[in-house]
file target_35.tsv (TSV, C-alpha atoms and all ligand atoms)
chain	number	residue	atom	x	y	z
A	20	MET	CA	4.19	1.36	46.02
A	21	THR	CA	5.91	-1.96	45.48
A	22	LEU	CA	8.21	-3.13	48.28
A	23	ILE	CA	11.43	-4.90	47.29
A	24	LEU	CA	13.11	-7.39	49.64
A	25	THR	CA	16.48	-8.75	48.67
A	26	THR	CA	17.83	-12.13	49.73
A	27	LYS	CA	21.36	-10.86	49.09
A	28	ILE	CA	21.11	-8.79	52.28
A	29	LEU	CA	18.37	-10.46	54.29
A	30	PRO	CA	18.46	-14.01	55.63
A	31	ALA	CA	16.19	-15.98	53.26
A	32	ALA	CA	13.41	-16.39	55.85
A	33	GLU	CA	13.21	-12.61	56.40
A	34	ALA	CA	12.25	-12.24	52.75
A	35	THR	CA	10.18	-15.35	52.25
A	36	ARG	CA	7.98	-15.08	55.35
A	37	PRO	CA	6.55	-11.65	54.43
A	38	ALA	CA	6.11	-12.94	50.88
A	39	ALA	CA	4.00	-15.88	52.07
A	40	GLU	CA	2.02	-13.59	54.42
A	41	CYS	CA	1.35	-11.15	51.60
A	42	LEU	CA	0.16	-13.96	49.31
A	43	ALA	CA	-2.06	-15.42	52.06
A	44	ALA	CA	-3.67	-11.97	52.38
A	45	GLY	CA	-4.48	-11.89	48.66
A	46	GLY	CA	-1.40	-9.88	47.62
A	47	LEU	CA	0.70	-10.13	44.46
A	48	VAL	CA	4.34	-11.11	44.95
A	49	ALA	CA	7.04	-11.41	42.31
A	50	PHE	CA	9.71	-13.97	43.13
A	51	PRO	CA	12.60	-15.71	41.39
A	52	THR	CA	12.28	-19.19	39.92
A	53	GLU	CA	15.16	-20.89	38.13
A	54	THR	CA	13.60	-20.05	34.74
A	55	VAL	CA	12.30	-16.45	34.96
A	56	TYR	CA	10.76	-14.26	37.70
A	57	GLY	CA	7.15	-15.24	38.38
A	58	LEU	CA	4.29	-13.01	39.51
A	59	GLY	CA	2.56	-15.05	42.18
A	60	ALA	CA	-0.92	-15.10	43.64
A	61	ASP	CA	-2.58	-17.59	46.00
A	62	GLY	CA	-3.90	-20.16	43.52
A	63	THR	CA	-7.03	-20.73	45.58
A	64	ASN	CA	-8.00	-17.04	45.79
A	65	GLY	CA	-10.08	-15.94	42.80
A	66	SER	CA	-9.96	-12.23	43.55
A	67	ALA	CA	-6.17	-12.26	43.99
A	68	ILE	CA	-5.94	-14.00	40.60
A	69	ALA	CA	-8.22	-11.41	39.02
A	70	ARG	CA	-5.87	-8.68	40.32
A	71	LEU	CA	-2.96	-10.62	38.86
A	72	TYR	CA	-4.49	-10.68	35.37
A	73	GLU	CA	-5.18	-6.98	35.71
A	74	ALA	CA	-1.64	-6.14	36.87
A	75	LYS	CA	-0.19	-8.01	33.89
A	76	GLY	CA	-2.75	-6.74	31.44
A	77	ARG	CA	-3.12	-10.39	30.41
A	78	PRO	CA	-6.04	-11.74	28.36
A	79	SER	CA	-7.98	-13.82	30.85
A	80	PHE	CA	-8.28	-16.83	28.53
A	81	ASN	CA	-4.59	-17.52	29.00
A	82	PRO	CA	-4.36	-20.03	31.87
A	83	LEU	CA	-1.66	-19.98	34.56
A	84	ILE	CA	0.83	-22.50	35.91
A	85	ALA	CA	0.23	-23.71	39.47
A	86	HIS	CA	3.52	-23.99	41.38
A	87	VAL	CA	3.78	-26.47	44.24
A	88	PRO	CA	6.69	-27.55	46.49
A	89	THR	CA	6.35	-31.35	46.32
A	90	LEU	CA	5.00	-34.21	44.22
A	91	GLU	CA	2.52	-34.87	47.01
A	92	ALA	CA	1.17	-31.32	46.71
A	93	ALA	CA	1.06	-31.73	42.92
A	94	GLN	CA	-1.08	-34.86	43.28
A	95	ARG	CA	-3.63	-32.90	45.31
A	96	ILE	CA	-4.35	-30.72	42.28
A	97	ALA	CA	-3.65	-32.99	39.28
A	98	ARG	CA	-4.12	-36.63	38.30
A	99	PHE	CA	-0.87	-38.30	37.31
A	100	ASN	CA	-0.63	-41.13	34.80
A	101	ASP	CA	2.53	-43.24	34.26
A	102	THR	CA	4.00	-40.77	31.78
A	103	ALA	CA	3.49	-37.89	34.18
A	104	PHE	CA	5.10	-39.78	37.07
A	105	LYS	CA	8.09	-40.66	34.91
A	106	LEU	CA	8.63	-37.05	33.88
A	107	ALA	CA	8.04	-35.72	37.39
A	108	ARG	CA	10.60	-38.10	38.87
A	109	ALA	CA	13.16	-37.29	36.19
A	110	PHE	CA	12.83	-33.49	36.04
A	111	TRP	CA	11.25	-32.09	39.22
A	112	PRO	CA	12.13	-29.81	40.81
A	113	GLY	CA	13.10	-28.03	37.60
A	114	PRO	CA	12.06	-26.22	34.42
A	115	LEU	CA	9.28	-28.58	33.32
A	116	THR	CA	5.51	-27.97	33.48
A	117	LEU	CA	3.00	-30.80	33.05
A	118	VAL	CA	-0.55	-30.23	31.83
A	119	LEU	CA	-2.73	-32.85	33.53
A	120	PRO	CA	-6.40	-33.48	34.35
A	121	LYS	CA	-7.53	-31.69	37.51
A	122	THR	CA	-8.38	-33.76	40.58
A	123	ALA	CA	-12.07	-33.83	41.56
A	124	ASP	CA	-11.42	-31.47	44.48
A	125	CYS	CA	-8.66	-29.42	42.85
A	126	PRO	CA	-8.36	-26.26	44.98
A	127	VAL	CA	-6.93	-24.15	42.14
A	128	SER	CA	-9.37	-21.42	41.11
A	129	ASP	CA	-11.18	-21.81	37.77
A	130	LEU	CA	-10.02	-18.32	36.94
A	131	ALA	CA	-6.42	-19.56	36.96
A	132	THR	CA	-7.18	-22.55	34.75
A	133	ALA	CA	-9.40	-20.46	32.46
A	134	GLY	CA	-12.23	-22.92	33.01
A	135	LEU	CA	-10.29	-25.85	31.51
A	136	GLU	CA	-10.56	-29.41	32.84
A	137	THR	CA	-6.78	-29.51	32.99
A	138	VAL	CA	-4.20	-27.74	35.12
A	139	ALA	CA	-0.56	-26.88	34.41
A	140	VAL	CA	1.69	-27.88	37.34
A	141	ARG	CA	5.33	-27.35	38.13
A	142	ILE	CA	7.74	-27.76	41.03
A	143	PRO	CA	10.32	-24.99	40.73
A	144	ALA	CA	13.92	-25.64	41.78
A	145	HIS	CA	14.81	-22.15	43.03
A	146	PRO	CA	15.36	-22.11	46.81
A	147	VAL	CA	13.47	-18.81	47.25
A	148	ALA	CA	10.46	-20.12	45.30
A	149	GLN	CA	10.60	-23.36	47.32
A	150	ALA	CA	10.75	-21.47	50.63
A	151	ILE	CA	7.73	-19.29	49.75
A	152	LEU	CA	5.72	-22.32	48.60
A	153	GLN	CA	6.54	-24.23	51.79
A	154	ALA	CA	5.64	-21.23	53.94
A	155	LEU	CA	2.30	-20.60	52.17
A	156	GLY	CA	1.20	-24.24	52.00
A	157	ARG	CA	-1.05	-23.60	49.00
A	158	PRO	CA	-0.39	-23.65	45.24
A	159	ILE	CA	0.93	-20.37	43.86
A	160	VAL	CA	-0.19	-19.48	40.35
A	161	ALA	CA	2.50	-17.46	38.62
A	162	PRO	CA	2.93	-16.27	35.07
A	163	SER	CA	6.18	-14.56	34.13
A	164	ALA	CA	6.36	-11.24	36.04
A	165	ASN	CA	6.14	-8.90	33.04
A	166	ARG	CA	3.35	-6.90	31.45
A	167	SER	CA	1.51	-9.11	28.98
A	168	GLY	CA	3.31	-9.19	25.64
A	169	HIS	CA	6.59	-7.88	27.07
A	170	VAL	CA	9.84	-9.76	27.42
A	171	SER	CA	10.02	-12.15	30.42
A	172	PRO	CA	12.02	-10.82	33.41
A	173	THR	CA	15.25	-12.47	34.47
A	174	THR	CA	16.15	-9.93	37.20
A	175	ALA	CA	14.20	-8.10	39.90
A	176	ALA	CA	14.97	-4.81	38.11
A	177	HIS	CA	13.13	-6.07	35.02
A	178	VAL	CA	10.12	-6.84	37.20
A	179	ARG	CA	10.19	-3.36	38.74
A	180	ASP	CA	10.45	-1.73	35.28
A	181	ASP	CA	7.24	-3.46	34.17
A	182	LEU	CA	5.16	-3.75	37.34
A	183	ASP	CA	6.25	-1.14	39.91
A	184	GLY	CA	3.18	0.21	41.70
A	185	ARG	CA	0.96	-2.56	40.27
A	186	ILE	CA	2.04	-5.35	42.63
A	187	ASP	CA	2.73	-5.52	46.37
A	188	LEU	CA	6.15	-7.08	46.75
A	189	ILE	CA	9.20	-8.17	44.77
A	190	VAL	CA	11.59	-10.70	46.30
A	191	ASP	CA	14.98	-10.07	44.71
A	192	GLY	CA	17.00	-13.29	44.58
A	193	GLY	CA	19.49	-12.05	41.96
A	194	PRO	CA	19.51	-12.96	38.26
A	195	VAL	CA	17.88	-16.29	37.36
A	196	GLN	CA	19.85	-19.27	36.08
A	197	VAL	CA	17.97	-20.73	33.13
A	198	GLY	CA	16.61	-17.58	31.48
A	199	VAL	CA	13.78	-19.12	29.42
A	200	GLU	CA	10.46	-20.39	30.77
A	201	SER	CA	9.75	-24.00	31.60
A	202	THR	CA	9.11	-26.59	28.91
A	203	ILE	CA	5.39	-27.47	28.87
A	204	VAL	CA	4.34	-31.06	28.12
A	205	GLY	CA	0.69	-32.05	27.79
A	206	CYS	CA	0.13	-35.44	29.43
A	207	THR	CA	-3.60	-35.94	28.95
A	208	GLY	CA	-3.14	-38.24	25.95
A	209	THR	CA	-0.09	-38.89	23.80
A	210	PRO	CA	2.58	-36.69	25.42
A	211	ILE	CA	2.88	-33.46	23.43
A	212	LEU	CA	5.35	-30.60	23.55
A	213	LEU	CA	3.16	-27.52	24.10
A	214	ARG	CA	6.01	-25.06	24.65
A	215	PRO	CA	9.74	-25.63	24.25
A	216	GLY	CA	11.65	-24.29	27.25
A	217	GLY	CA	14.34	-24.84	29.85
A	218	THR	CA	14.23	-28.65	29.71
A	219	PRO	CA	15.43	-29.73	26.26
A	220	ARG	CA	13.06	-31.89	24.21
A	221	ALA	CA	15.74	-34.55	23.71
A	222	ALA	CA	16.13	-35.03	27.48
A	223	ILE	CA	12.38	-35.58	27.82
A	224	GLU	CA	12.25	-37.98	24.87
A	225	ALA	CA	15.16	-39.94	26.35
A	226	VAL	CA	13.19	-40.47	29.56
A	227	LEU	CA	9.98	-41.39	27.73
A	228	GLY	CA	11.69	-43.56	25.13
A	229	THR	CA	9.38	-42.06	22.47
A	230	PRO	CA	9.29	-38.79	20.53
A	231	LEU	CA	7.00	-36.04	21.83
A	232	ALA	CA	4.12	-35.06	19.56
A	233	ARG	CA	4.60	-31.67	17.87
A	234	GLN	CA	3.01	-28.50	19.17
A	235	PRO	CA	0.20	-26.97	17.14
A	236	ALA	CA	1.10	-23.97	14.99
A	237	PRO	CA	0.91	-20.60	16.80
A	238	VAL	CA	-2.36	-18.70	16.44
A	239	GLN	CA	-3.34	-15.14	17.33
A	240	ASN	CA	-6.11	-16.00	19.77
A	241	GLY	CA	-7.85	-19.03	21.14
A	242	PRO	CA	-8.00	-20.72	24.51
A	243	LEU	CA	-6.98	-24.19	23.33
A	244	ALA	CA	-3.74	-23.16	21.69
A	245	PRO	CA	-2.10	-22.95	25.09
A	246	GLY	CA	-0.72	-19.50	25.49
A	247	MET	CA	0.57	-19.69	21.98
A	248	LEU	CA	-0.24	-16.14	20.96
A	249	ALA	CA	1.93	-15.68	17.89
A	250	SER	CA	3.36	-12.35	19.06
A	251	HIS	CA	4.17	-12.69	22.72
A	252	TYR	CA	7.76	-11.96	23.63
A	253	ALA	CA	7.74	-8.54	22.07
A	254	PRO	CA	10.20	-5.70	22.48
A	255	SER	CA	9.17	-2.32	20.97
A	256	ALA	CA	11.80	-2.61	18.23
A	257	ASN	CA	11.20	-4.82	15.21
A	258	VAL	CA	13.13	-8.06	15.30
A	259	ARG	CA	14.83	-9.45	12.17
A	260	LEU	CA	15.85	-13.10	12.48
A	261	ASN	CA	18.73	-15.09	10.98
A	262	ALA	CA	20.58	-11.93	10.00
A	263	THR	CA	23.73	-12.64	8.01
A	264	GLU	CA	24.51	-8.98	7.35
A	265	LEU	CA	23.71	-5.71	9.12
A	266	ARG	CA	21.48	-3.01	7.68
A	267	ASN	CA	21.64	0.68	8.40
A	268	GLY	CA	20.81	1.66	11.99
A	269	GLU	CA	20.14	-1.86	13.24
A	270	ALA	CA	21.15	-3.08	16.67
A	271	LEU	CA	22.76	-6.53	16.73
A	272	LEU	CA	21.98	-9.50	18.92
A	273	ALA	CA	24.99	-11.69	18.23
A	274	PHE	CA	25.71	-15.36	18.85
A	275	GLY	CA	29.31	-16.50	18.44
A	276	PRO	CA	31.68	-14.22	16.53
A	277	PRO	CA	29.66	-11.03	15.72
A	278	LEU	CA	28.88	-9.95	12.15
A	279	PRO	CA	31.30	-7.52	10.54
A	280	GLY	CA	30.39	-3.90	11.26
A	281	ALA	CA	28.69	-4.72	14.60
A	282	PRO	CA	27.74	-1.26	15.92
A	283	ALA	CA	29.53	-0.23	19.12
A	284	GLY	CA	26.98	0.47	21.86
A	285	ARG	CA	24.26	-1.38	19.96
A	286	THR	CA	25.66	-4.90	19.96
A	287	LEU	CA	25.16	-7.52	22.63
A	288	ASN	CA	26.33	-11.09	22.42
A	289	LEU	CA	24.15	-13.96	23.70
A	290	SER	CA	27.24	-16.13	23.94
A	291	PRO	CA	30.56	-15.20	22.32
A	292	ARG	CA	31.67	-18.85	22.66
A	293	GLY	CA	28.44	-20.16	21.10
A	294	ASP	CA	27.07	-21.82	24.24
A	295	LEU	CA	23.26	-22.26	24.14
A	296	ILE	CA	22.89	-22.44	27.92
A	297	GLU	CA	24.67	-19.11	28.32
A	298	ALA	CA	22.57	-17.73	25.44
A	299	ALA	CA	19.27	-18.71	27.09
A	300	ALA	CA	20.31	-17.03	30.33
A	301	ASN	CA	21.10	-13.79	28.45
A	302	LEU	CA	18.23	-13.80	25.96
A	303	PHE	CA	15.57	-11.63	27.60
A	304	SER	CA	17.92	-9.16	29.32
A	305	HIS	CA	19.83	-8.59	26.06
A	306	LEU	CA	16.60	-8.08	24.11
A	307	ARG	CA	15.50	-5.51	26.69
A	308	ALA	CA	18.83	-3.71	26.69
A	309	LEU	CA	18.96	-3.49	22.88
A	310	ASP	CA	15.37	-2.26	22.86
A	311	GLU	CA	16.42	0.50	25.25
A	312	THR	CA	19.05	1.77	22.77
A	313	GLY	CA	16.08	3.05	20.73
A	314	ALA	CA	17.10	1.11	17.60
A	315	ARG	CA	14.12	0.59	15.26
A	316	THR	CA	15.24	-2.95	14.42
A	317	ILE	CA	17.18	-5.61	16.27
A	318	ALA	CA	18.98	-7.97	13.89
A	319	VAL	CA	19.49	-11.43	15.38
A	320	MET	CA	22.19	-13.78	14.14
A	321	PRO	CA	21.23	-17.42	13.44
A	322	ILE	CA	21.03	-19.61	16.56
A	323	PRO	CA	21.36	-23.40	16.33
A	324	THR	CA	18.19	-25.35	17.11
A	325	ALA	CA	19.72	-28.16	19.21
A	326	GLY	CA	19.07	-28.42	22.97
A	327	LEU	CA	17.96	-25.10	24.47
A	328	GLY	CA	18.24	-23.61	20.96
A	329	GLU	CA	14.68	-24.80	20.26
A	330	ALA	CA	13.29	-22.65	23.09
A	331	ILE	CA	15.51	-19.68	22.19
A	332	ASN	CA	14.40	-19.77	18.54
A	333	ASP	CA	10.76	-20.14	19.60
A	334	ARG	CA	10.97	-17.00	21.80
A	335	LEU	CA	12.76	-15.08	19.04
A	336	ARG	CA	10.12	-16.05	16.44
A	337	ARG	CA	7.44	-14.72	18.78
A	338	ALA	CA	9.41	-11.51	19.33
A	339	ALA	CA	9.62	-11.12	15.54
A	340	ALA	CA	5.97	-12.01	14.78
A	341	GLU	CA	3.41	-9.48	13.53
A	342	ARG	CA	2.04	-7.62	16.54
A	343	PRO	CA	-1.69	-7.85	17.26
A	344	ALA	CA	-3.36	-4.46	16.82
A	345	PRO	CA	-3.18	-2.59	20.18
B	401	LIG	O1	9.04	-21.01	33.71
B	401	LIG	C1	7.84	-20.79	33.74
B	401	LIG	O2	7.00	-21.62	33.32
B	401	LIG	C2	7.37	-19.45	34.33
B	401	LIG	C3	7.76	-19.44	35.80
B	401	LIG	C4	7.27	-18.21	36.53
B	401	LIG	O3	7.29	-20.60	36.41
B	401	LIG	N1	5.99	-19.25	34.15
B	401	LIG	C5	5.45	-19.01	32.93
B	401	LIG	O4	4.09	-18.77	32.98
B	401	LIG	O5	6.08	-18.98	31.92
B	401	LIG	P1	3.28	-18.11	31.79
B	401	LIG	O6	1.95	-17.79	32.37
B	401	LIG	O7	4.04	-16.98	31.20
B	401	LIG	O8	3.08	-19.27	30.78
B	401	LIG	C6	2.20	-20.34	31.10
B	401	LIG	C7	1.84	-21.14	29.90
B	401	LIG	C8	0.92	-20.37	28.98
B	401	LIG	O9	1.39	-20.55	27.67
B	401	LIG	C9	-0.41	-21.06	29.22
B	401	LIG	O10	-1.28	-20.94	28.14
B	401	LIG	C10	0.02	-22.48	29.48
B	401	LIG	O11	1.15	-22.31	30.29
B	401	LIG	N2	-0.98	-23.22	30.23
B	401	LIG	C11	-1.38	-23.01	31.49
B	401	LIG	N3	-2.37	-23.86	31.83
B	401	LIG	C12	-2.60	-24.65	30.76
B	401	LIG	C13	-3.49	-25.73	30.48
B	401	LIG	N4	-4.37	-26.17	31.38
B	401	LIG	N5	-3.44	-26.28	29.26
B	401	LIG	C14	-2.54	-25.86	28.35
B	401	LIG	N6	-1.67	-24.83	28.56
B	401	LIG	C15	-1.70	-24.24	29.74
B	402	MG	MG	4.98	-15.18	30.01

call {"tool": "encode", "arguments": {"input": "target_35.tsv", "output": "structure tokens", "more": "lines below"}}
Ligand code: TXA
Ligand code: MG
result
Amino acid sequence: MTLILTTKILPAAEATRPAAECLAAGGLVAFPTETVYGLGADGTNGSAIARLYEAKGRPSFNPLIAHVPTLEAAQRIARFNDTAFKLARAFWPGPLTLVLPKTADCPVSDLATAGLETVAVRIPAHPVAQAILQALGRPIVAPSANRSGHVSPTTAAHVRDDLDGRIDLIVDGGPVQVGVESTIVGCTGTPILLRPGGTPRAAIEAVLGTPLARQPAPVQNGPLAPGMLASHYAPSANVRLNATELRNGEALLAFGPPLPGAPAGRTLNLSPRGDLIEAAANLFSHLRALDETGARTIAVMPIPTAGLGEAINDRLRRAAAERPAP
């Protein structure tokens, strides 16, 4: 049984204290961050992390992000160079993850970092995530709280659909704000964009004063292509991108004015007014809802690539990619 505590009814501390206690005891707790819901485990507890991989059905070579409440806590696990400090000061707390060398006495379990010499760190902005981190006083490793290969959850109900009975607790803090995962920047050499996400590339480049190196092409497997499994954000339906007309039986994921013939009951609009921030917030829940209509194919209208559009298009390409054999 998975217990659900909701911060809409309870005072925040009544939900966050049991969450921290559960994590300290080796439990698995899903909680809201500003990007997507995370599935947390105590980052220093190897057996809790092993349970986490099992609950998600995640390949264990895919390393996890360590969440911490403050820059001071981040510096206990990772070594910051000038670039990293600049980005941390500009964007934390917020939807940015930095991949940095581990400190010599980094307490994060090797299981969470998949044996790498580096660790991915982020300070989330969500008040519930912050409260749990403060209460626990240890890093929380947290992938998105979905079964591996499924769409990332943006509500507590999504988490329950995927993980009910497999985890101990869900803290329901309402729908998330950003809707796509954090942007990941590698800071061990020339800064490189490893995953587009909730912090637009242009904002990062403006702070650095230089362009970010490009991410390597997606591959099916491989520990060094960081989490870049080609098919990752996958609904059961096929996904057809950049649709400019509708084919028989397709559901439609629209952006702006919908295509002619948009099927009633099988059309959802990411943003009728063409706003990329609104579209990011709706992306995963709309994909899930269209998948649940039972349509064999979801046609997706073209989405601009500026700002958050880069992350949205990245997630859609993954949803549309060939699926690895089950
Ligand atoms: O917004 C987010 O980042 C959410 C919330 C819960 O914080 N978390 C999230 O975690 O998206 P996850 O596990 O779904 O994605 C983590 C990504 C993976 O692509 C992983 O390969 C990469 O971070 N990663 C983790 N550690 C890494 C490392 N040391 N080097 C390179 N990539 C790393
Ligand atoms: Mg994920």

call {"tool": "atom_distance", "arguments": {"input": "target_35.tsv", "atom1": "CA of Glu224 in chain A", "atom2": "CA of Ile211 in chain A"}}
result
10.5 Å

call {"tool": "residues_near_point", "arguments": {"input": "target_35.tsv", "point": "(15.7, -8.6, 30.1)", "cutoff": "6 Å", "atoms": "only C-alpha atoms", "output": "CSV table (one decimal) with C-alpha atoms, in the coordinates of the input"}}
result
chain,number,residue,atom,x,y,z
A,172,PRO,CA,12.0,-10.8,33.4
A,173,THR,CA,15.2,-12.5,34.5
A,303,PHE,CA,15.6,-11.6,27.6
A,304,SER,CA,17.9,-9.2,29.3
A,305,HIS,CA,19.8,-8.6,26.1
A,307,ARG,CA,15.5,-5.5,26.7

call {"tool": "atom_distance", "arguments": {"input": "target_35.tsv", "atom1": "CA of Ile296 in chain A", "atom2": "CA of Ala60 in chain A"}}
result
29.5 Å

call {"tool": "residues_around", "arguments": {"input": "target_35.tsv", "residues": "Asp191 in chain A", "least_positions_apart": "5", "cutoff": "10 Å", "atoms": "all atoms listed in the file", "output": "number ranges by chain"}}
result
A: 23-28, 34, 49-51, 56, 147, 174-176, 178

call {"tool": "residues_near_point", "arguments": {"input": "target_35.tsv", "point": "(15.8, -30.2, 19.0)", "cutoff": "12 Å", "atoms": "all atoms listed in the file", "output": "list in words"}}
result
Leu212, Pro215, Gly216, Thr218, Pro219, Arg220, Ala221, Ala222, Ile223, Glu224, Pro230, Leu231, Arg233, Pro323, Thr324, Ala325, Gly326, Leu327, Gly328, Glu329, Ala330, Ile331, Asn332 and Asp333 of chain A

call {"tool": "axis_aligned_box", "arguments": {"input": "target_35.tsv", "around": "range 288-294 of chain A", "padding_each_side": "3 Å", "output": "AutoDock Vina command-line options"}}
result
--center_x 27.9 --center_y -16.5 --center_z 22.7 --size_x 13.5 --size_y 16.7 --size_z 9.1

call {"tool": "atom_distance", "arguments": {"input": "target_35.tsv", "atom1": "atom C15 of ligand LIG 401 (chain B)", "atom2": "CA of Ala338 in chain A"}}
result
19.8 Å

call {"tool": "closest_residue", "arguments": {"input": "target_35.tsv", "among": "A:Ala299, A:Val226, A:Arg141, A:Thr286", "to": "Ala109 in chain A", "atoms": "all atoms listed in the file"}}
result
A:Val226

call {"tool": "residues_near_ligand", "arguments": {"input": "target_35.tsv", "ligand": "ligand MG 402 (chain B)", "cutoff": "7 Å", "atoms": "only C-alpha atoms and all ligand atoms", "output": "list in words"}}
result
Pro162, Ser163 and Ser171 of chain A

call {"tool": "residues_near_ligand", "arguments": {"input": "target_35.tsv", "ligand": "ligand LIG 401 (chain B)", "cutoff": "6 Å", "atoms": "all atoms listed in the file", "output": "mmCIF file with C-alpha atoms, keeping the file's coordinate frame"}}
result
data_model
loop_
_atom_site.group_PDB
_atom_site.id
_atom_site.type_symbol
_atom_site.label_atom_id
_atom_site.label_comp_id
_atom_site.auth_asym_id
_atom_site.auth_seq_id
_atom_site.Cartn_x
_atom_site.Cartn_y
_atom_site.Cartn_z
ATOM 1 C CA THR A 54 13.600 -20.050 34.740
ATOM 2 C CA VAL A 55 12.300 -16.450 34.960
ATOM 3 C CA TYR A 56 10.760 -14.260 37.700
ATOM 4 C CA GLY A 57 7.150 -15.240 38.380
ATOM 5 C CA ASN A 81 -4.590 -17.520 29.000
ATOM 6 C CA PRO A 82 -4.360 -20.030 31.870
ATOM 7 C CA LEU A 83 -1.660 -19.980 34.560
ATOM 8 C CA ILE A 84 0.830 -22.500 35.910
ATOM 9 C CA VAL A 118 -0.550 -30.230 31.830
ATOM 10 C CA THR A 132 -7.180 -22.550 34.750
ATOM 11 C CA LEU A 135 -10.290 -25.850 31.510
ATOM 12 C CA THR A 137 -6.780 -29.510 32.990
ATOM 13 C CA VAL A 138 -4.200 -27.740 35.120
ATOM 14 C CA ALA A 139 -0.560 -26.880 34.410
ATOM 15 C CA ALA A 161 2.500 -17.460 38.620
ATOM 16 C CA PRO A 162 2.930 -16.270 35.070
ATOM 17 C CA SER A 163 6.180 -14.560 34.130
ATOM 18 C CA GLU A 200 10.460 -20.390 30.770
ATOM 19 C CA SER A 201 9.750 -24.000 31.600
ATOM 20 C CA PRO A 245 -2.100 -22.950 25.090
ATOM 21 C CA GLY A 246 -0.720 -19.500 25.490
ATOM 22 C CA MET A 247 0.570 -19.690 21.980
#

call {"tool": "closest_residue", "arguments": {"input": "target_35.tsv", "among": "A:Ile142, A:Asp310, A:Ala103, A:Pro114", "to": "Leu90 in chain A", "atoms": "only C-alpha atoms"}}
result
A:Ile142

call {"tool": "closest_residue", "arguments": {"input": "target_35.tsv", "among": "A:Gly168, A:Gly217, A:Gly205, A:Gly275", "to": "Gly113 in chain A", "atoms": "only C-alpha atoms"}}
result
A:Gly217

call {"tool": "residues_around", "arguments": {"input": "target_35.tsv", "residues": "Gly284 in chain A", "least_positions_apart": "6", "cutoff": "10 Å", "atoms": "all atoms listed in the file", "output": "list in words"}}
result
Ala270, Leu271, Leu309 and Thr312 of chain A

call {"tool": "closest_residue", "arguments": {"input": "target_35.tsv", "among": "A:Val140, A:Val127, A:Leu213, A:Ala232", "to": "Val87 in chain A", "atoms": "only C-alpha atoms"}}
result
A:Val140

call {"tool": "build_atoms", "arguments": {"input": "target_35.tsv", "residues": "range 185-197 of chain A", "atoms": "N, CA and C atoms", "output": "CSV table (one decimal), in the coordinates of the input"}}
result
chain,number,residue,atom,x,y,z
A,185,ARG,N,2.1,-1.7,40.6
A,185,ARG,CA,1.0,-2.6,40.3
A,185,ARG,C,0.9,-3.8,41.1
A,186,ILE,N,2.0,-4.1,41.8
A,186,ILE,CA,2.0,-5.4,42.6
A,186,ILE,C,2.6,-5.0,44.0
A,187,ASP,N,2.4,-5.9,45.0
A,187,ASP,CA,2.7,-5.5,46.4
A,187,ASP,C,4.2,-5.7,46.8
A,188,LEU,N,4.8,-6.7,46.2
A,188,LEU,CA,6.2,-7.1,46.8
A,188,LEU,C,7.0,-7.7,45.6
A,189,ILE,N,8.3,-7.4,45.6
A,189,ILE,CA,9.2,-8.2,44.8
A,189,ILE,C,10.3,-8.8,45.7
A,190,VAL,N,10.5,-10.1,45.6
A,190,VAL,CA,11.6,-10.7,46.3
A,190,VAL,C,12.7,-10.8,45.3
A,191,ASP,N,13.8,-10.1,45.6
A,191,ASP,CA,15.0,-10.1,44.7
A,191,ASP,C,15.9,-11.2,45.1
A,192,GLY,N,16.1,-12.2,44.3
A,192,GLY,CA,17.0,-13.3,44.6
A,192,GLY,C,18.1,-13.3,43.6
A,193,GLY,N,18.4,-12.1,43.0
A,193,GLY,CA,19.5,-12.0,42.0
A,193,GLY,C,19.0,-12.6,40.6
A,194,PRO,N,19.9,-12.5,39.6
A,194,PRO,CA,19.5,-13.0,38.3
A,194,PRO,C,19.2,-14.5,38.3
A,195,VAL,N,18.2,-14.9,37.4
A,195,VAL,CA,17.9,-16.3,37.4
A,195,VAL,C,18.9,-17.1,36.6
A,196,GLN,N,18.8,-18.4,36.7
A,196,GLN,CA,19.8,-19.3,36.1
A,196,GLN,C,19.5,-19.7,34.7
A,197,VAL,N,18.3,-20.1,34.4
A,197,VAL,CA,18.0,-20.7,33.1
A,197,VAL,C,17.7,-19.7,32.1
